[in-house]
Amino acid sequence: MADKALSGSKLLFGKWKKKPPRKLDDAAKNAHDEVFEELDCLKCANCCKSISPVITYKDMERMAGALRMRPSDFMEKYLRQDEDNDFVFIQTPCPFLMRDNYCQVYDSRPKACREYPHTDRIRFYQILDLTLKNTFVCPAAYHVVEILKRNSDIK
(Lines give C-alpha, C1' and ligand atoms only; values in the text may rest on other atoms or scores of the structure.)
Protein backbone atom coordinates (compact mmCIF):
# COMPACT_ATOMS: atom_id res chain seq x y z
CA MET A 1 0.00 0.00 0.00
CA ALA A 2 2.60 2.54 1.12
CA ASP A 3 4.92 1.90 -1.82
CA LYS A 4 2.02 2.88 -4.05
CA ALA A 5 1.48 6.03 -1.98
CA LEU A 6 5.09 7.06 -2.51
CA SER A 7 4.56 7.07 -6.24
CA GLY A 8 3.99 10.72 -7.03
CA SER A 9 3.74 11.70 -3.37
CA LYS A 10 7.39 12.65 -2.94
CA LEU A 11 7.28 14.97 -5.93
CA LEU A 12 4.00 16.58 -4.89
CA PHE A 13 4.98 16.88 -1.22
CA GLY A 14 8.38 18.31 -2.21
CA LYS A 15 6.55 21.02 -4.15
CA TRP A 16 4.25 21.70 -1.20
CA LYS A 17 7.18 21.93 1.24
CA LYS A 18 8.77 24.66 -0.88
CA LYS A 19 5.53 26.60 -1.28
CA PRO A 20 2.72 25.28 0.93
CA PRO A 21 -0.76 25.83 -0.49
CA ARG A 22 -2.85 28.11 1.73
CA LYS A 23 -5.65 25.54 1.82
CA LEU A 24 -3.43 22.53 2.58
CA ASP A 25 -4.41 22.37 6.27
CA ASP A 26 -8.10 22.43 5.36
CA ALA A 27 -7.61 19.77 2.68
CA ALA A 28 -5.65 17.52 5.07
CA LYS A 29 -8.22 17.97 7.84
CA ASN A 30 -11.09 17.18 5.44
CA ALA A 31 -9.26 14.10 4.15
CA HIS A 32 -8.53 13.04 7.74
CA ASP A 33 -12.19 13.40 8.73
CA GLU A 34 -13.35 11.50 5.64
CA VAL A 35 -10.95 8.62 6.30
CA PHE A 36 -11.76 8.34 10.00
CA GLU A 37 -15.51 8.20 9.28
CA GLU A 38 -14.82 4.80 7.71
CA LEU A 39 -11.72 3.48 9.44
CA ASP A 40 -11.69 1.86 12.89
CA CYS A 41 -8.25 1.96 14.51
CA LEU A 42 -9.21 -0.91 16.82
CA LYS A 43 -9.32 -3.23 13.82
CA CYS A 44 -5.69 -2.41 13.02
CA ALA A 45 -3.57 -1.04 15.91
CA ASN A 46 -0.51 -1.43 13.69
CA CYS A 47 1.00 1.72 15.19
CA CYS A 48 0.83 0.13 18.66
CA LYS A 49 2.20 -3.13 17.31
CA SER A 50 5.13 -1.79 15.32
CA ILE A 51 6.38 1.63 16.47
CA SER A 52 6.89 3.39 19.77
CA PRO A 53 5.75 6.92 20.43
CA VAL A 54 8.12 9.47 21.92
CA ILE A 55 7.26 9.68 25.61
CA THR A 56 7.48 13.10 27.28
CA TYR A 57 7.93 13.69 31.00
CA LYS A 58 4.27 14.72 31.19
CA ASP A 59 3.32 11.46 29.50
CA MET A 60 5.42 9.51 32.01
CA GLU A 61 3.80 11.22 34.97
CA ARG A 62 0.30 10.73 33.58
CA MET A 63 0.78 7.04 32.76
CA ALA A 64 2.63 6.32 36.01
CA GLY A 65 -0.25 7.92 37.93
CA ALA A 66 -2.81 5.82 36.06
CA LEU A 67 -0.82 2.70 36.94
CA ARG A 68 -0.27 3.89 40.52
CA MET A 69 3.49 3.90 40.08
CA ARG A 70 6.20 6.43 40.75
CA PRO A 71 7.46 8.02 37.52
CA SER A 72 10.98 6.72 38.20
CA ASP A 73 9.65 3.16 38.52
CA PHE A 74 7.62 3.62 35.35
CA MET A 75 10.73 4.80 33.49
CA GLU A 76 12.77 1.86 34.72
CA LYS A 77 10.13 -0.73 33.87
CA TYR A 78 8.85 0.54 30.51
CA LEU A 79 11.20 3.06 28.89
CA ARG A 80 14.57 3.39 27.23
CA GLN A 81 16.30 6.23 25.42
CA ASP A 82 16.64 5.87 21.67
CA GLU A 83 19.42 7.12 19.39
CA ASP A 84 17.92 10.64 19.50
CA ASN A 85 17.83 10.53 23.33
CA ASP A 86 14.03 10.44 23.27
CA PHE A 87 12.21 8.18 25.67
CA VAL A 88 10.41 5.30 23.95
CA PHE A 89 8.93 2.02 25.11
CA ILE A 90 11.43 -0.77 25.70
CA GLN A 91 9.34 -3.19 23.70
CA THR A 92 7.05 -3.41 20.72
CA PRO A 93 4.24 -4.07 20.58
CA CYS A 94 3.32 -1.44 23.13
CA PRO A 95 3.27 -2.91 26.64
CA PHE A 96 -0.21 -1.44 27.14
CA LEU A 97 -1.80 -2.89 24.01
CA MET A 98 -4.35 -5.50 25.03
CA ARG A 99 -5.40 -8.54 22.95
CA ASP A 100 -8.54 -6.78 21.70
CA ASN A 101 -6.40 -3.83 20.45
CA TYR A 102 -7.67 -1.59 23.24
CA CYS A 103 -5.17 0.42 25.27
CA GLN A 104 -4.78 -0.33 28.96
CA VAL A 105 -3.90 3.33 29.65
CA TYR A 106 -6.11 4.91 26.96
CA ASP A 107 -7.21 7.91 29.06
CA SER A 108 -3.58 8.53 30.04
CA ARG A 109 -1.91 7.57 26.75
CA PRO A 110 1.03 9.60 25.41
CA LYS A 111 0.43 12.78 23.45
CA ALA A 112 2.02 11.21 20.37
CA CYS A 113 -0.56 8.40 20.51
CA ARG A 114 -3.42 10.86 20.96
CA GLU A 115 -2.38 12.76 17.84
CA TYR A 116 -1.30 9.87 15.61
CA PRO A 117 -1.20 9.79 12.57
CA HIS A 118 -1.04 13.61 12.81
CA THR A 119 -2.99 14.09 9.57
CA ASP A 120 -5.31 16.74 11.00
CA ARG A 121 -2.50 18.88 12.33
CA ILE A 122 -2.17 22.63 11.73
CA ARG A 123 0.80 23.52 9.48
CA PHE A 124 0.56 20.11 7.88
CA TYR A 125 3.32 21.06 5.42
CA GLN A 126 5.80 20.79 8.32
CA ILE A 127 5.20 17.05 8.68
CA LEU A 128 4.91 15.94 5.07
CA ASP A 129 7.96 13.64 5.37
CA LEU A 130 6.60 12.13 8.58
CA THR A 131 3.23 11.61 6.91
CA LEU A 132 4.84 9.70 4.05
CA LYS A 133 6.70 7.54 6.60
CA ASN A 134 3.44 6.91 8.44
CA THR A 135 1.85 5.51 5.27
CA PHE A 136 4.01 2.41 5.85
CA VAL A 137 2.45 1.91 9.30
CA CYS A 138 -1.03 3.41 9.20
CA PRO A 139 -3.77 2.72 6.65
CA ALA A 140 -5.42 6.03 7.58
CA ALA A 141 -2.27 8.00 6.73
CA TYR A 142 -2.08 6.12 3.42
CA HIS A 143 -5.69 7.00 2.54
CA VAL A 144 -5.24 10.66 3.55
CA VAL A 145 -2.21 10.90 1.25
CA GLU A 146 -4.15 9.28 -1.59
CA ILE A 147 -7.00 11.79 -1.16
CA LEU A 148 -4.53 14.69 -1.11
CA LYS A 149 -2.89 13.37 -4.28
CA ARG A 150 -6.27 13.22 -6.03
CA ASN A 151 -6.84 16.84 -4.96
CA SER A 152 -3.33 17.95 -5.86
CA ASP A 153 -4.61 21.24 -7.30
CA ILE A 154 -5.06 22.62 -3.75
CA LYS A 155 -4.44 26.37 -3.77
# chains A, B, ... in the order shown; residues from 1 in each chain; ligands from 1
>>> residues_around(residues="A:Ile51", least_positions_apart="3", cutoff="7 Å", atoms="only C-alpha atoms", output="list in words")
Cys47, Cys48 and Thr92 of chain A
>>> write_last_selection(atoms="N, CA and C atoms", output="PDB file, in the first residue's frame")
ATOM      1  N   CYS A  47       0.086   0.769  14.560  1.00  0.00           N
ATOM      2  CA  CYS A  47       0.997   1.724  15.193  1.00  0.00           C
ATOM      3  C   CYS A  47       1.446   1.194  16.558  1.00  0.00           C
ATOM      4  N   CYS A  48       0.522   0.673  17.324  1.00  0.00           N
ATOM      5  CA  CYS A  48       0.833   0.134  18.657  1.00  0.00           C
ATOM      6  C   CYS A  48       1.662  -1.144  18.571  1.00  0.00           C
ATOM      7  N   THR A  92       8.200  -3.482  21.615  1.00  0.00           N
ATOM      8  CA  THR A  92       7.054  -3.415  20.721  1.00  0.00           C
ATOM      9  C   THR A  92       6.572  -4.847  20.565  1.00  0.00           C
TER      10      THR A  92
END
>>> residues_around(residues="A:Cys103", least_positions_apart="4", cutoff="10 Å", atoms="only C-alpha atoms", output="ChimeraX atom specification")
/A:42,45,48,94-99,107-109
>>> select_by_dssp(residues="stretch 3-105 of chain A", states="strand (DSSP E)", output="ChimeraX atom specification")
/A:79-81,87-89
>>> atom_distance(atom1="atom CA of A:Pro71", atom2="atom CA of A:Asp100")
26.9 Å
>>> atom_distance(atom1="atom CA of A:Asn46", atom2="atom CA of A:Ala140")
10.8 Å
>>> closest_residue(among="A:Glu115, A:Asp129, A:Glu38, A:Glu76", to="A:Ala64", atoms="only C-alpha atoms")
A:Glu76
>>> residues_around(residues="stretch 16-30 of chain A", least_positions_apart="2", cutoff="8 Å", atoms="only C-alpha atoms", output="PyMOL selection string")
chain A and resi 12-14+32-34+119-126+128+144+148+154-155
>>> closest_residue(among="A:Ala112, A:Val88, A:Met69, A:Ile127", to="A:Ser52", atoms="only C-alpha atoms")
A:Val88
>>> residues_around(residues="stretch 77-84 of chain A", least_positions_apart="6", cutoff="9 Å", atoms="only C-alpha atoms", output="ChimeraX atom specification")
/A:55,90-91,95
>>> write_last_selection(atoms="N, CA and C atoms", output="mmCIF file, in the first residue's frame")
data_model
loop_
_atom_site.group_PDB
_atom_site.id
_atom_site.type_symbol
_atom_site.label_atom_id
_atom_site.label_comp_id
_atom_site.auth_asym_id
_atom_site.auth_seq_id
_atom_site.Cartn_x
_atom_site.Cartn_y
_atom_site.Cartn_z
ATOM 1 N N ILE A 55 7.919 9.497 24.320
ATOM 2 C CA ILE A 55 7.258 9.681 25.610
ATOM 3 C C ILE A 55 7.853 10.900 26.303
ATOM 4 N N ILE A 90 10.392 0.250 25.831
ATOM 5 C CA ILE A 90 11.432 -0.771 25.701
ATOM 6 C C ILE A 90 11.042 -1.797 24.656
ATOM 7 N N GLN A 91 9.778 -2.101 24.571
ATOM 8 C CA GLN A 91 9.336 -3.191 23.698
ATOM 9 C C GLN A 91 8.281 -2.736 22.701
ATOM 10 N N PRO A 95 3.585 -2.092 25.462
ATOM 11 C CA PRO A 95 3.272 -2.914 26.636
ATOM 12 C C PRO A 95 1.840 -2.737 27.137
#
>>> atom_distance(atom1="atom CA of A:Phe89", atom2="atom CA of A:Leu132")
22.8 Å
>>> select_by_dssp(residues="chain A", states="helix (DSSP H, G or I)", output="PyMOL selection string")
chain A and resi 2-18+24-38+41-43+46-50+57-66+71-78+106-108+111-115+124-134+139-150
